[in-house]
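Source file protein37.csv; content: CSV, C-alpha atoms and all ligand atoms.
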```
chain,number,residue,atom,x,y,z
A,1,MET,CA,18.5,-48.8,-13.6
A,2,ALA,CA,21.0,-46.1,-12.5
A,3,ARG,CA,22.8,-48.8,-10.5
A,4,ILE,CA,23.2,-51.1,-13.5
A,5,LYS,CA,25.0,-48.3,-15.4
A,6,ILE,CA,27.5,-48.0,-12.6
A,7,ILE,CA,28.1,-51.7,-12.5
A,8,PHE,CA,28.8,-52.8,-16.0
A,9,PRO,CA,31.8,-50.7,-17.1
A,10,ALA,CA,34.1,-51.9,-14.3
A,11,LEU,CA,32.8,-55.4,-14.6
A,12,ALA,CA,33.5,-55.4,-18.3
A,13,LEU,CA,37.1,-54.3,-17.5
A,14,LEU,CA,37.4,-57.1,-15.0
A,15,LEU,CA,36.3,-59.7,-17.4
A,16,SER,CA,38.4,-58.4,-20.3
A,17,GLY,CA,41.7,-59.2,-18.5
A,18,CYS,CA,44.9,-57.2,-18.7
A,19,SER,CA,45.3,-57.3,-22.5
A,20,ARG,CA,44.5,-53.6,-22.8
A,21,ILE,CA,47.8,-52.8,-21.0
A,22,TRP,CA,50.9,-52.4,-23.2
A,23,VAL,CA,53.3,-50.8,-20.7
A,24,PRO,CA,56.2,-53.3,-20.3
A,25,GLU,CA,56.5,-54.9,-16.9
A,26,LYS,CA,60.1,-53.6,-16.7
A,27,VAL,CA,58.8,-50.0,-16.7
A,28,GLU,CA,56.0,-50.8,-14.2
A,29,ASN,CA,58.7,-52.3,-11.9
A,30,ARG,CA,61.2,-49.5,-12.2
A,31,VAL,CA,58.7,-46.7,-11.6
A,32,GLY,CA,57.3,-48.8,-8.7
A,33,GLU,CA,60.7,-49.2,-7.1
A,34,LEU,CA,61.2,-45.5,-7.1
A,35,VAL,CA,57.8,-44.9,-5.7
A,36,THR,CA,58.5,-47.4,-2.9
A,37,GLN,CA,61.8,-45.7,-2.1
A,38,SER,CA,60.0,-42.4,-1.9
A,39,VAL,CA,57.3,-43.8,0.4
A,40,LEU,CA,59.9,-45.3,2.7
A,41,LEU,CA,61.6,-42.0,3.1
A,42,GLN,CA,58.3,-40.5,4.3
A,43,MET,CA,57.1,-43.4,6.4
A,44,PRO,CA,59.5,-45.5,8.5
A,45,VAL,CA,59.0,-49.2,8.7
A,46,HIS,CA,57.3,-50.4,11.8
A,47,THR,CA,59.7,-52.5,13.9
A,48,ASP,CA,57.3,-55.0,15.4
A,49,PRO,CA,58.2,-58.3,13.6
A,50,ALA,CA,54.9,-60.0,14.7
A,51,TRP,CA,52.8,-57.7,12.7
A,52,GLN,CA,55.1,-57.9,9.7
A,53,LYS,CA,54.9,-61.7,9.8
A,54,TYR,CA,51.2,-61.7,10.1
A,55,ILE,CA,50.7,-59.3,7.2
A,56,GLU,CA,53.2,-61.2,5.1
A,57,ASP,CA,51.6,-64.6,5.7
A,58,MET,CA,48.1,-63.4,4.9
A,59,GLY,CA,49.3,-61.4,2.0
A,60,ARG,CA,51.1,-64.3,0.4
A,61,LYS,CA,48.0,-66.5,0.7
A,62,ILE,CA,45.9,-63.9,-1.1
A,63,ALA,CA,48.5,-63.3,-3.8
A,64,ALA,CA,48.6,-67.0,-4.5
A,65,VAL,CA,44.9,-67.0,-5.6
A,66,SER,CA,45.2,-63.8,-7.6
A,67,GLU,CA,45.6,-63.4,-11.4
A,68,ARG,CA,49.3,-62.7,-10.9
A,69,PRO,CA,50.5,-65.3,-8.3
A,70,GLY,CA,54.2,-65.3,-9.4
A,71,TYR,CA,54.8,-61.5,-9.1
A,72,HIS,CA,57.2,-60.3,-6.4
A,73,TYR,CA,54.9,-59.0,-3.7
A,74,ARG,CA,56.4,-57.3,-0.7
A,75,TYR,CA,54.6,-56.1,2.5
A,76,TYR,CA,55.4,-53.1,4.6
A,77,VAL,CA,53.9,-52.1,7.9
A,78,VAL,CA,54.8,-48.4,8.1
A,79,GLU,CA,54.6,-45.8,10.9
A,80,SER,CA,51.8,-43.3,10.3
A,81,SER,CA,48.8,-42.3,12.4
A,82,THR,CA,46.7,-42.0,9.2
A,83,VAL,CA,44.4,-44.9,8.4
A,84,ASN,CA,45.7,-45.9,5.0
A,85,ALA,CA,46.8,-48.7,2.8
A,86,PHE,CA,48.1,-48.6,-0.8
A,87,ALA,CA,49.8,-50.7,-3.4
A,88,VAL,CA,52.8,-49.7,-5.5
A,89,PRO,CA,53.4,-51.2,-9.0
A,90,ASP,CA,56.6,-53.0,-8.0
A,91,GLY,CA,54.5,-55.3,-5.9
A,92,SER,CA,54.9,-53.4,-2.6
A,93,ILE,CA,51.8,-53.2,-0.3
A,94,PHE,CA,51.9,-50.7,2.5
A,95,ILE,CA,49.7,-50.8,5.6
A,96,THR,CA,49.9,-48.0,8.1
A,97,THR,CA,50.1,-48.6,11.9
A,98,GLY,CA,47.1,-46.2,12.0
A,99,LEU,CA,45.1,-48.7,10.0
A,100,LEU,CA,46.2,-51.6,12.2
A,101,LYS,CA,45.2,-49.7,15.3
A,102,PHE,CA,41.8,-48.8,13.7
A,103,ILE,CA,40.8,-52.3,12.8
A,104,GLY,CA,42.4,-53.9,15.9
A,105,GLN,CA,42.3,-57.7,15.8
A,106,ASP,CA,39.7,-57.9,13.1
A,107,GLN,CA,41.3,-60.5,10.8
A,108,LEU,CA,38.6,-60.3,8.2
A,109,ALA,CA,38.9,-56.6,7.8
A,110,LEU,CA,42.6,-56.8,7.4
A,111,ALA,CA,42.2,-59.6,4.8
A,112,GLY,CA,39.8,-57.4,3.0
A,113,VAL,CA,42.3,-54.5,2.9
A,114,LEU,CA,45.2,-56.8,1.7
A,115,ALA,CA,43.0,-58.4,-0.9
A,116,HIS,CA,42.0,-55.0,-2.3
A,117,GLU,CA,45.6,-53.9,-2.5
A,118,THR,CA,46.6,-57.2,-4.1
A,119,GLY,CA,43.9,-56.6,-6.7
A,120,HIS,CA,45.6,-53.4,-7.7
A,121,ILE,CA,48.9,-55.2,-8.3
A,122,ALA,CA,47.4,-58.3,-9.9
A,123,ARG,CA,45.4,-56.2,-12.3
A,124,ARG,CA,48.4,-54.0,-13.1
A,125,HIS,CA,46.7,-50.8,-12.2
A,126,GLY,CA,50.1,-49.0,-11.9
A,127,ALA,CA,50.9,-49.9,-15.5
A,128,GLU,CA,47.4,-48.7,-16.5
A,129,THR,CA,47.9,-45.4,-14.7
A,130,LEU,CA,51.3,-44.9,-16.4
A,131,GLN,CA,49.6,-45.7,-19.7
A,132,SER,CA,46.9,-43.1,-19.2
A,133,GLN,CA,49.3,-40.4,-18.1
A,134,LEU,CA,51.7,-40.8,-20.9
A,135,GLY,CA,49.9,-42.3,-23.9
A,136,TYR,CA,52.2,-43.8,-26.5
A,137,GLY,CA,54.8,-41.1,-25.8
A,138,LEU,CA,56.1,-43.4,-23.1
A,139,LEU,CA,58.0,-45.5,-25.6
A,140,SER,CA,60.0,-42.6,-27.0
A,141,LEU,CA,60.7,-41.3,-23.5
A,142,ILE,CA,62.2,-44.7,-22.6
A,143,VAL,CA,64.3,-44.6,-25.7
A,144,PHE,CA,65.7,-41.2,-24.8
A,145,GLY,CA,66.4,-41.9,-21.2
A,146,PHE,CA,64.7,-44.7,-19.2
A,147,GLU,CA,65.9,-43.6,-15.8
A,148,ASN,CA,65.0,-40.0,-16.2
A,149,SER,CA,61.5,-40.9,-17.5
A,150,ALA,CA,61.0,-43.5,-14.7
A,151,ALA,CA,62.0,-41.0,-12.0
A,152,LYS,CA,59.6,-38.3,-13.4
A,153,GLN,CA,56.7,-40.7,-13.5
A,154,ALA,CA,57.5,-42.0,-10.0
A,155,GLY,CA,57.4,-38.5,-8.7
A,156,ASN,CA,54.0,-38.0,-10.2
A,157,MET,CA,52.7,-41.3,-9.0
A,158,THR,CA,53.8,-41.3,-5.4
A,159,SER,CA,51.4,-38.7,-4.0
A,160,ARG,CA,48.6,-39.9,-6.2
A,161,ILE,CA,48.9,-43.5,-4.9
A,162,MET,CA,49.3,-42.4,-1.3
A,163,GLY,CA,46.5,-39.8,-1.3
A,164,LEU,CA,44.0,-40.5,-4.1
A,165,GLY,CA,44.2,-44.1,-5.0
A,166,TYR,CA,44.0,-45.3,-8.6
A,167,GLY,CA,40.8,-43.7,-9.7
A,168,ARG,CA,37.2,-44.8,-9.5
A,169,GLU,CA,37.1,-47.6,-12.0
A,170,MET,CA,40.3,-49.3,-10.7
A,171,GLU,CA,39.2,-48.9,-7.1
A,172,LEU,CA,35.9,-50.6,-7.8
A,173,GLU,CA,37.7,-53.3,-9.8
A,174,ALA,CA,40.1,-53.9,-6.8
A,175,ASP,CA,37.0,-54.2,-4.5
A,176,ILE,CA,35.7,-56.9,-6.8
A,177,CYS,CA,39.1,-58.6,-6.9
A,178,ALA,CA,39.0,-58.7,-3.1
A,179,VAL,CA,35.7,-60.5,-3.1
A,180,ARG,CA,37.0,-63.1,-5.5
A,181,TYR,CA,40.3,-63.8,-3.8
A,182,LEU,CA,38.7,-64.1,-0.3
A,183,ALA,CA,36.0,-66.4,-1.7
A,184,ARG,CA,38.7,-68.6,-3.2
A,185,LEU,CA,40.3,-68.8,0.2
A,186,GLY,CA,37.1,-69.9,1.7
A,187,TYR,CA,36.0,-66.7,3.4
A,188,SER,CA,32.3,-65.8,3.4
A,189,PRO,CA,31.3,-63.7,0.4
A,190,ASP,CA,30.7,-60.5,2.3
A,191,SER,CA,33.9,-60.6,4.4
A,192,SER,CA,35.6,-58.1,2.0
A,193,LEU,CA,32.9,-55.7,3.0
A,194,LYS,CA,34.0,-55.6,6.6
A,195,PHE,CA,36.6,-52.9,6.2
A,196,LEU,CA,34.4,-50.8,4.0
A,197,ARG,CA,31.6,-50.9,6.5
A,198,SER,CA,33.9,-50.0,9.3
A,199,ILE,CA,35.3,-47.0,7.3
A,200,LEU,CA,31.7,-45.9,6.7
A,201,THR,CA,31.0,-46.0,10.5
A,202,LEU,CA,34.2,-44.0,11.0
A,203,GLU,CA,33.2,-41.4,8.5
A,204,LYS,CA,29.8,-40.9,10.2
A,205,GLY,CA,31.2,-40.8,13.7
A,206,GLN,CA,34.6,-40.2,15.0
A,207,ARG,CA,36.5,-37.2,13.7
A,208,ASP,CA,39.7,-37.6,15.6
A,209,ILE,CA,41.1,-40.2,13.3
A,210,THR,CA,42.6,-39.2,9.9
A,211,ILE,CA,41.5,-41.3,7.0
A,212,GLU,CA,43.3,-40.9,3.7
A,213,LYS,CA,41.0,-39.1,1.3
A,214,TYR,CA,40.6,-42.0,-1.2
A,215,LEU,CA,39.5,-44.4,1.5
A,216,ARG,CA,36.5,-42.1,2.3
A,217,SER,CA,35.6,-40.5,-1.0
A,218,HIS,CA,37.2,-42.0,-4.1
A,219,PRO,CA,34.7,-43.3,-4.9
A,220,PRO,CA,32.3,-42.8,-2.0
A,221,THR,CA,32.3,-45.7,0.5
A,222,THR,CA,28.5,-46.1,0.1
A,223,GLU,CA,29.0,-46.6,-3.6
A,224,ARG,CA,31.7,-49.1,-3.1
A,225,ILE,CA,29.6,-51.1,-0.6
A,226,GLN,CA,26.6,-51.2,-3.0
A,227,TYR,CA,28.8,-52.2,-5.9
A,228,VAL,CA,30.3,-55.1,-4.0
A,229,GLU,CA,27.0,-56.2,-2.6
A,230,ASN,CA,25.5,-56.2,-6.1
A,231,TYR,CA,28.5,-58.2,-7.5
A,232,ILE,CA,28.1,-60.8,-4.7
A,233,SER,CA,24.4,-61.3,-5.3
A,234,ARG,CA,24.6,-61.3,-9.1
A,235,TYR,CA,27.9,-62.9,-10.1
A,236,LEU,CA,29.7,-64.7,-7.3
A,237,PRO,CA,29.4,-68.4,-7.8
A,238,LYS,CA,27.8,-70.4,-5.0
A,239,PRO,CA,30.5,-72.2,-2.9
A,240,GLN,CA,30.0,-75.6,-4.7
A,241,GLU,CA,30.6,-73.9,-8.1
A,242,ARG,CA,33.9,-72.2,-7.3
B,1,ZN,ZN,42.6,-49.1,-3.8
```
Would it be possible to restate this file's structure as structure tokens?
Amino acid sequence: MARIKIIFPALALLLSGCSRIWVPEKVENRVGELVTQSVLLQMPVHTDPAWQKYIEDMGRKIAAVSERPGYHYRYYVVESSTVNAFAVPDGSIFITTGLLKFIGQDQLALAGVLAHETGHIARRHGAETLQSQLGYGLLSLIVFGFENSAAKQAGNMTSRIMGLGYGREMELEADICAVRYLARLGYSPDSSLKFLRSILTLEKGQRDITIEKYLRSHPPTTERIQYVENYISRYLPKPQER
């Protein structure tokens, strides 16, 4: 029964759509742009055009089957030995060279990562984060100085997104989004679990690779895997029903 308690809150969020979010897209975009600028100052763009094209092609296919297909998604492969990936509210998705090295040629694992990050943007988790940080005070801040407010929020958000993720509920929701998007593209239902399972193996074994904290503990990888497995077995339509 404990497992069911874990499942329903995020599932309810997923089914309720984005109507709970009132932060305007303009704000979400501007804060996101500033976060992206800040990330690019810390992590230079990887110069190999082949990886860039591969990530972009796969990312665009996934975005097309998301709840927000028309948004301006952008994809960056960045130099960092840390295994990490994150999504910024202006539509930017970052994948580190450390992550690419870790998953090697495993296309499914990479698709799972991209689908999860796409889920954060499609479900407007950046706007939701801004909303929870500011409450309704955001509107008055915008009135009194949009750029100043946006810069302040971007500063708060950058390290959070890079190091902690969006928080438990939104991370689990992005995992469920990944299952749905990949299923829509014809991948087998458990393909989105490939990356999570490989992270779990990494957590238990090798210690010489740095994994960003949220990938290994926010929420715990075992909880994420159980959550996704349960969703697949309970709610994912059979192939002929999709
Ligand atoms: Zn995430």
Computed interatomic separation between atom CA of Asp175 of chain A and atom CA of Ile225 of chain A (Å):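 Distance between the two atoms: 8.9 Å.
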Expected selection as number ranges by chain for ligand ZN 1 (chain B) within 8 Å, all atoms listed in the file: A: 85-87, 116-117, 120, 165-166, 170-172, 174-175, 214-215
Given all atoms listed in the file as the counted atoms, nearest of A:Leu110, A:Ala122, A:Ile62, A:Ala154 to Ser192 of chain A: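 Closest to Ser192 of chain A, using all atoms listed in the file: A:Leu110.
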Residues within 7 Å of Ala127 of chain A, all atoms listed in the file, excluding chain neighbours under 2 positions, as a ChimeraX atom specification: /A:21,23,28,124-125,129-131
Residues near Glu229 of chain A, cut-off 12 Å, all atoms listed in the file, skip fewer than 2 positions along chain, as a list in words: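 Listing them by chain and then by number gives Arg3, Ile7, Leu172, Asp175, Ile176, Val179, Pro189, Asp190, Ser191, Ser192, Leu193, Lys194, Leu196, Arg197, Thr222, Glu223, Arg224, Ile225, Gln226, Tyr227, Tyr231, Ile232, Ser233, Arg234, Tyr235 and Leu236 of chain A.
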12 Å contact set for Tyr54 of chain A, only C-alpha atoms, chain neighbours under 4 positions out, as a ChimeraX atom specification: /A:48-50,58-61,75-77,95,100,105,107,110-111,114
Who sits within 9 Å of Tyr73 of chain A, all atoms listed in the file, same chain under 4 positions skipped, as a VMD selection string: chain A and resid 59 to 60 63 69 90 to 93 118 121
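Among the candidates A:Leu99, A:Ala115, A:Leu108, A:Ala64, the one nearest to Thr82 of chain A when counting all atoms listed in the file is A:Leu99.
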Atom CA of Gly119 of chain A to atom CA of Glu147 of chain A, distance in Å rounded to a single decimal: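 Those two atoms sit 27.1 Å apart.
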Separation of atom CA of Tyr71 of chain A from atom CA of Ser149 of chain A in Å: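 Going from atom CA of Ser149 of chain A over to atom CA of Tyr71 of chain A, I get 23.2 Å.
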Proximity to Arg68 of chain A - best of A:Lys53, A:Lys26, A:Arg168, A:Arg123, all atoms listed in the file: A:Arg123
Residue with smallest distance to Leu41 of chain A - pool A:Gly126, A:Leu164, A:Glu79, A:Ala151, counting all atoms listed in the file: A:Glu79
Given only C-alpha atoms as the counted atoms, nearest of A:Asn230, A:Pro89, A:Thr47, A:Thr96 to Pro24 of chain A: A:Pro89
Which of A:Val78, A:Cys177, A:Glu25, A:Arg30 sits closest to His46 of chain A [using all atoms listed in the file]: A:Val78
Contacts of Val39 of chain A at 8 Å (all atoms listed in the file; same-chain gap of 4+ positions) as a list in words: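 Non-adjacent residues within range: Val35, Met43 and Thr158 of chain A.
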